[in-house]
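Okay, so here's the structure we're looking at.
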Amino acid sequence: MNNIQLIYIDLFCGGGGTTTGVHNAKINGQQCAIVAACVNHDRNAIRSHKSNHKKTLHFTEDITLLYNTERMQRLINHVNYLRSIYPNAQVVVWASLECTNFSKAKGGQPRDADSRTLANHLFPYIYALQPDRIQIENVEEFMSWGEVDENGKPISKLKGTDYIRWIKEVCSHGYKFDY
């Protein structure tokens with residue numbers, strides 16, 4: 001019996017912790033979720049991921065670049081194929097976004113401002129894959145995401161403005177927001 005209810009695309013997959021959790025999810029003792037594909041820029045992470053998740057489609061890519069390539073069509077085709085096999089399953093885009101620029105652990109030091117825009121790079125995946133759900137894993141300070149000054153430091157009076165704008169953009173595509 002086909003019990004697969006969720007098909008995940010794991011962005012920023014790292015060594016595969018989230019994928020392992022998804023693959024281990026069970027309902028009534030049967031696997032209920034699979035990870036169709038994963039993306040990470042780090043070759044060692046992908047190598048580790050592949051050794052543990054051989055059936056997953058792997059992309060050693062920066063997520064900000066993958067959607068501008070023909071490999072994105074390969075991802076779309078793979079997800080559509082799995083949708084045909086599991087027609088009742090929901091597709092989920094999971095993103096463990098880089099959190100260095102939001103975490104209390106950053107020590108107040110300015111960081112790469114481009115990494116603060118990674119959440120915006122999810123939109124091409126949303127457009128292309130039309131997932132039923134989007135799940136983001138991040139630190140609570142992500143909600144304070146706002147513009148930074150010329151030194152890369154957050155502008156306190158704009159705290160949370162980029163985050164609120166991003167949530168509105170996600171919701172404008174028909175998604176409901178919860179955290």
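By order of appearance in the structure tokens: chains A, B, ..., then residues from 1 within every chain, and ligands from 1 in the order shown.
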Q: Step one, run DSSP on the backbone; step two, keep only residues of region 15-72 of chain A assigned to alpha helix (DSSP H); then write them as a list in words.
A: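 DSSP on the backbone gives alpha helix (DSSP H) at Gly17, Thr18, Thr19, Thr20, Gly21, Val22, His23, Asn24, Arg43, Asn44, Ala45, Ile46, Arg47, Ser48, His49, Lys50, Ser51, Asn52, Ile63, Thr64, Leu65, Leu66, Glu70, Arg71 and Met72 of chain A.
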Write to file, as an mmCIF file, in the first residue's frame, the residues of the selection just made, with C-alpha atoms.
```
data_model
loop_
_atom_site.group_PDB
_atom_site.id
_atom_site.type_symbol
_atom_site.label_atom_id
_atom_site.label_comp_id
_atom_site.auth_asym_id
_atom_site.auth_seq_id
_atom_site.Cartn_x
_atom_site.Cartn_y
_atom_site.Cartn_z
ATOM 1 C CA GLY A 17 19.875 15.387 9.329
ATOM 2 C CA THR A 18 16.516 16.696 8.122
ATOM 3 C CA THR A 19 16.375 14.117 5.339
ATOM 4 C CA THR A 20 17.018 11.324 7.838
ATOM 5 C CA GLY A 21 14.170 12.613 9.995
ATOM 6 C CA VAL A 22 11.831 12.786 6.999
ATOM 7 C CA HIS A 23 12.738 9.267 5.867
ATOM 8 C CA ASN A 24 12.238 7.915 9.388
ATOM 9 C CA ARG A 43 30.636 19.007 -1.836
ATOM 10 C CA ASN A 44 31.525 17.250 1.412
ATOM 11 C CA ALA A 45 28.013 17.701 2.759
ATOM 12 C CA ILE A 46 26.537 16.297 -0.456
ATOM 13 C CA ARG A 47 29.007 13.401 -0.391
ATOM 14 C CA SER A 48 27.910 12.568 3.150
ATOM 15 C CA HIS A 49 24.253 13.002 2.202
ATOM 16 C CA LYS A 50 24.599 10.705 -0.827
ATOM 17 C CA SER A 51 26.187 7.959 1.245
ATOM 18 C CA ASN A 52 23.142 7.902 3.534
ATOM 19 C CA ILE A 63 20.571 27.535 -4.299
ATOM 20 C CA THR A 64 20.866 31.055 -5.684
ATOM 21 C CA LEU A 65 22.266 29.624 -8.932
ATOM 22 C CA LEU A 66 20.444 26.320 -9.472
ATOM 23 C CA GLU A 70 18.849 23.345 -16.989
ATOM 24 C CA ARG A 71 19.382 21.268 -13.817
ATOM 25 C CA MET A 72 16.367 23.080 -12.366
#
```
Q.
List as a PyMOL selection string the protein and nucleic acid residues near region 156-168 of chain A, meaning an atom at most 8 Å away when only C-alpha atoms are counted, but skip any in the same chain fewer than 6 places from it.
A. chain A and resi 119-120+142-147+177
Q: Enumerate the residues of region 42-165 of chain A with a DSSP assignment of strand (DSSP E or B), computed from the backbone, and present them as a PyMOL selection string.
A: chain A and resi 57-60+90-96+133-137+148+154
Restrict the selected residues to C-alpha atoms and save them as a PDB file, in the first residue's frame.
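In the end it all went to selection01.pdb:
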```pdb
ATOM      1  CA  LEU A  57      18.420  13.333  -6.276  1.00  0.00           C
ATOM      2  CA  HIS A  58      21.469  15.415  -5.265  1.00  0.00           C
ATOM      3  CA  PHE A  59      22.558  18.851  -6.463  1.00  0.00           C
ATOM      4  CA  THR A  60      25.926  20.268  -5.423  1.00  0.00           C
ATOM      5  CA  GLN A  90       1.857  16.974  -0.771  1.00  0.00           C
ATOM      6  CA  VAL A  91       5.095  18.536  -1.997  1.00  0.00           C
ATOM      7  CA  VAL A  92       7.057  20.411   0.660  1.00  0.00           C
ATOM      8  CA  VAL A  93       9.994  22.755   0.103  1.00  0.00           C
ATOM      9  CA  TRP A  94      12.107  22.649   3.285  1.00  0.00           C
ATOM     10  CA  ALA A  95      14.809  25.293   3.725  1.00  0.00           C
ATOM     11  CA  SER A  96      17.242  25.473   6.595  1.00  0.00           C
ATOM     12  CA  ARG A 133       3.819  23.627   1.769  1.00  0.00           C
ATOM     13  CA  ILE A 134       6.945  25.603   2.556  1.00  0.00           C
ATOM     14  CA  GLN A 135       8.808  24.982   5.792  1.00  0.00           C
ATOM     15  CA  ILE A 136      11.624  27.198   7.014  1.00  0.00           C
ATOM     16  CA  GLU A 137      13.956  26.287   9.842  1.00  0.00           C
ATOM     17  CA  VAL A 148      21.556  46.837   7.270  1.00  0.00           C
ATOM     18  CA  PRO A 154      21.156  45.944  11.238  1.00  0.00           C
TER      19      PRO A 154
END
```
**Q.** CA of Asn3 (chain A) to CA of Tyr125 (chain A), straight-line distance in Å
**A.**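 Separation of CA of Tyr125 (chain A) and CA of Asn3 (chain A): 25.6 Å.
CA of Pro87 (chain A) is positioned 23.1 Å from CA of Pro124 (chain A).
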Q) Looking at A:Ile76, A:Gln30, A:Lys54, A:Asn2, which one is nearest to Gly16 (chain A), with distances taken over only C-alpha atoms? A) A:Lys54
(Q) With distances taken over only C-alpha atoms, which residue among A:Leu118, A:Leu75, A:Cys32, A:Ala37 lies nearest Asn138 (chain A)? (A)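 Once distances to Asn138 (chain A) are computed over only C-alpha atoms, the minimum belongs to A:Leu118.
If only C-alpha atoms are the atoms counted, then among A:Ala128, A:Leu122, A:Ile34, A:Val170 the closest residue to Leu6 (chain A) is A:Ile34.
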Q) Quick one: distance from CA of Ala36 (chain A) to CA of Tyr175 (chain A) in Å, one decimal? A)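 It comes out at 21.4 Å.
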